[in-house]
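J.: Attaching a single structure in structure tokens format; questions to follow.
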Amino acid sequence: MDEPKSTTNETVRLEAFSDNVFAVAITLLIFQIRVPPHEPPGGLRVALFDLWPSYLAFLATFMTIGVMWLNHHRLFSLVARKDDGLIVLNLLLLLVTTWLPFPTALLAEHLRGPHHDQQAAGVVYSASLFAMAVAFNVLWRYAVSIDAVGEHANVSGISRQYAIGPLIYAVLVGIAFFSADWCLVISALYALYFALPPSLWRRRRR
């Protein structure tokens, strides 16, 4: 008789596929930074400096996707099994993740343009991050609802930490109406917060 599969193998293909998608999305970001064309002698330095919106957008989104991958890894280290619903919700999260290089390039392109264009690009960018935060929360809460999370996990503590994500990214959408620059800076700071391990966050609450 065949031995039952280890629960650690239940989600291995799902995690491997997700890792590849995160890797592709984060790699595509660098292609949004265009090499300056040939400049008059001495003009390259100025042209490189003028690319600062692309550098800032690249860094902010790289941090966001990187931390999302980190938390995705943390989540699936707790998930012992999967079902079709979990797979579909994971695909939804990956859909939003693969979309992010576009609003990143859009915001970098219009960061120094007219205010209305900055505003529109900032709203598209921040709304995309909001959608990713919502998708991640739905994925986690679905995993909890089907009892796929190991008993050792502090479900309530982790849920509280993740729940703040959609709220603060909704605030980011409001910030984008006033300053696209601060939209990028604050999104990077959000990423630093979510990089904190849940155990540290729970100790702080105590």
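In the structure tokens, chains take the letters A, B, ... in the order shown, each chain's residues start at 1, and ligands count up from 1 in the order shown.
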With the cut-off set at 12 Å and counting only C-alpha atoms, tabulate each residue of range 12-119 of chain A with an atom at most that distance from an atom of range 185-195 of chain A, showing the nearest atom pair and its distance in Å to one decimal, ordered by chain and increasing number, as a Markdown table.
T.:
| residue | atom | partner | partner_atom | distance |
| --- | --- | --- | --- | --- |
| A:Pro53 | CA | A:Val185 | CA | 11.2 |
| A:Tyr55 | CA | A:Val185 | CA | 11.8 |
| A:Leu56 | CA | A:Val185 | CA | 8.0 |
| A:Ala57 | CA | A:Val185 | CA | 8.8 |
| A:Phe58 | CA | A:Ala188 | CA | 10.3 |
| A:Leu59 | CA | A:Ala188 | CA | 7.7 |
| A:Ala60 | CA | A:Ala188 | CA | 4.7 |
| A:Thr61 | CA | A:Ala188 | CA | 7.4 |
| A:Phe62 | CA | A:Ala188 | CA | 8.8 |
| A:Met63 | CA | A:Ala191 | CA | 6.0 |
| A:Thr64 | CA | A:Ala191 | CA | 5.2 |
| A:Ile65 | CA | A:Ala191 | CA | 8.5 |
| A:Gly66 | CA | A:Ala191 | CA | 8.5 |
| A:Val67 | CA | A:Ala195 | CA | 5.6 |
| A:Met68 | CA | A:Ala191 | CA | 8.2 |
| A:Trp69 | CA | A:Ala195 | CA | 10.0 |
| A:Leu70 | CA | A:Ala195 | CA | 7.4 |
| A:Asn71 | CA | A:Ala195 | CA | 7.6 |
| A:His72 | CA | A:Ala195 | CA | 11.2 |
| A:His73 | CA | A:Ala195 | CA | 11.7 |
| A:Arg74 | CA | A:Ala195 | CA | 10.6 |
| A:Thr104 | CA | A:Ser187 | CA | 11.8 |
J.: Give me, as an MDAnalysis selection string, all polymer residues having an atom no more than 12 Å from Ala105 in chain A, counting only C-alpha atoms and skipping those fewer than 4 positions away in the same chain.
T.: chainID A and resid 28:34 51 53:61 99:101 109:111 121:122 124:125
J.: Mind giving me the straight-line distance from CA of Tyr169 in chain A to CA of Leu94 in chain A in Å, one decimal?
T.: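 CA of Leu94 in chain A lies 17.8 Å from CA of Tyr169 in chain A.
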J.: Which one is closest to Trp140 in chain A: A:Thr27, A:Ser77, A:Ser126, A:Thr98? Count only C-alpha atoms.
T.: A:Ser77
J.: For Arg13 in chain A, please output as a list in words all residues within 12 Å (counting only C-alpha atoms; exclusion window: fewer than 4 positions along the same chain).
T.: Thr8, Asn9, Phe17, Ser18, Asp19, Asn20, Phe76, Arg81, Lys82 and Ile87 of chain A
J.: Please produce a file of the residues just selected, as an mmCIF file, in the first residue's frame, where the atoms kept are C-alpha atoms.
T.:
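Output file out-v2.cif follows:
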data_model
loop_
_atom_site.group_PDB
_atom_site.id
_atom_site.type_symbol
_atom_site.label_atom_id
_atom_site.label_comp_id
_atom_site.auth_asym_id
_atom_site.auth_seq_id
_atom_site.Cartn_x
_atom_site.Cartn_y
_atom_site.Cartn_z
ATOM 1 C CA THR A 8 4.605 19.468 3.050
ATOM 2 C CA ASN A 9 4.174 18.281 -0.553
ATOM 3 C CA PHE A 17 4.796 28.279 -9.736
ATOM 4 C CA SER A 18 4.152 31.347 -7.587
ATOM 5 C CA ASP A 19 7.884 31.852 -6.982
ATOM 6 C CA ASN A 20 8.486 31.875 -10.728
ATOM 7 C CA PHE A 76 2.493 28.850 2.646
ATOM 8 C CA ARG A 81 -3.092 21.620 2.130
ATOM 9 C CA LYS A 82 -4.751 23.205 -0.862
ATOM 10 C CA ILE A 87 -5.436 27.839 -6.202
#
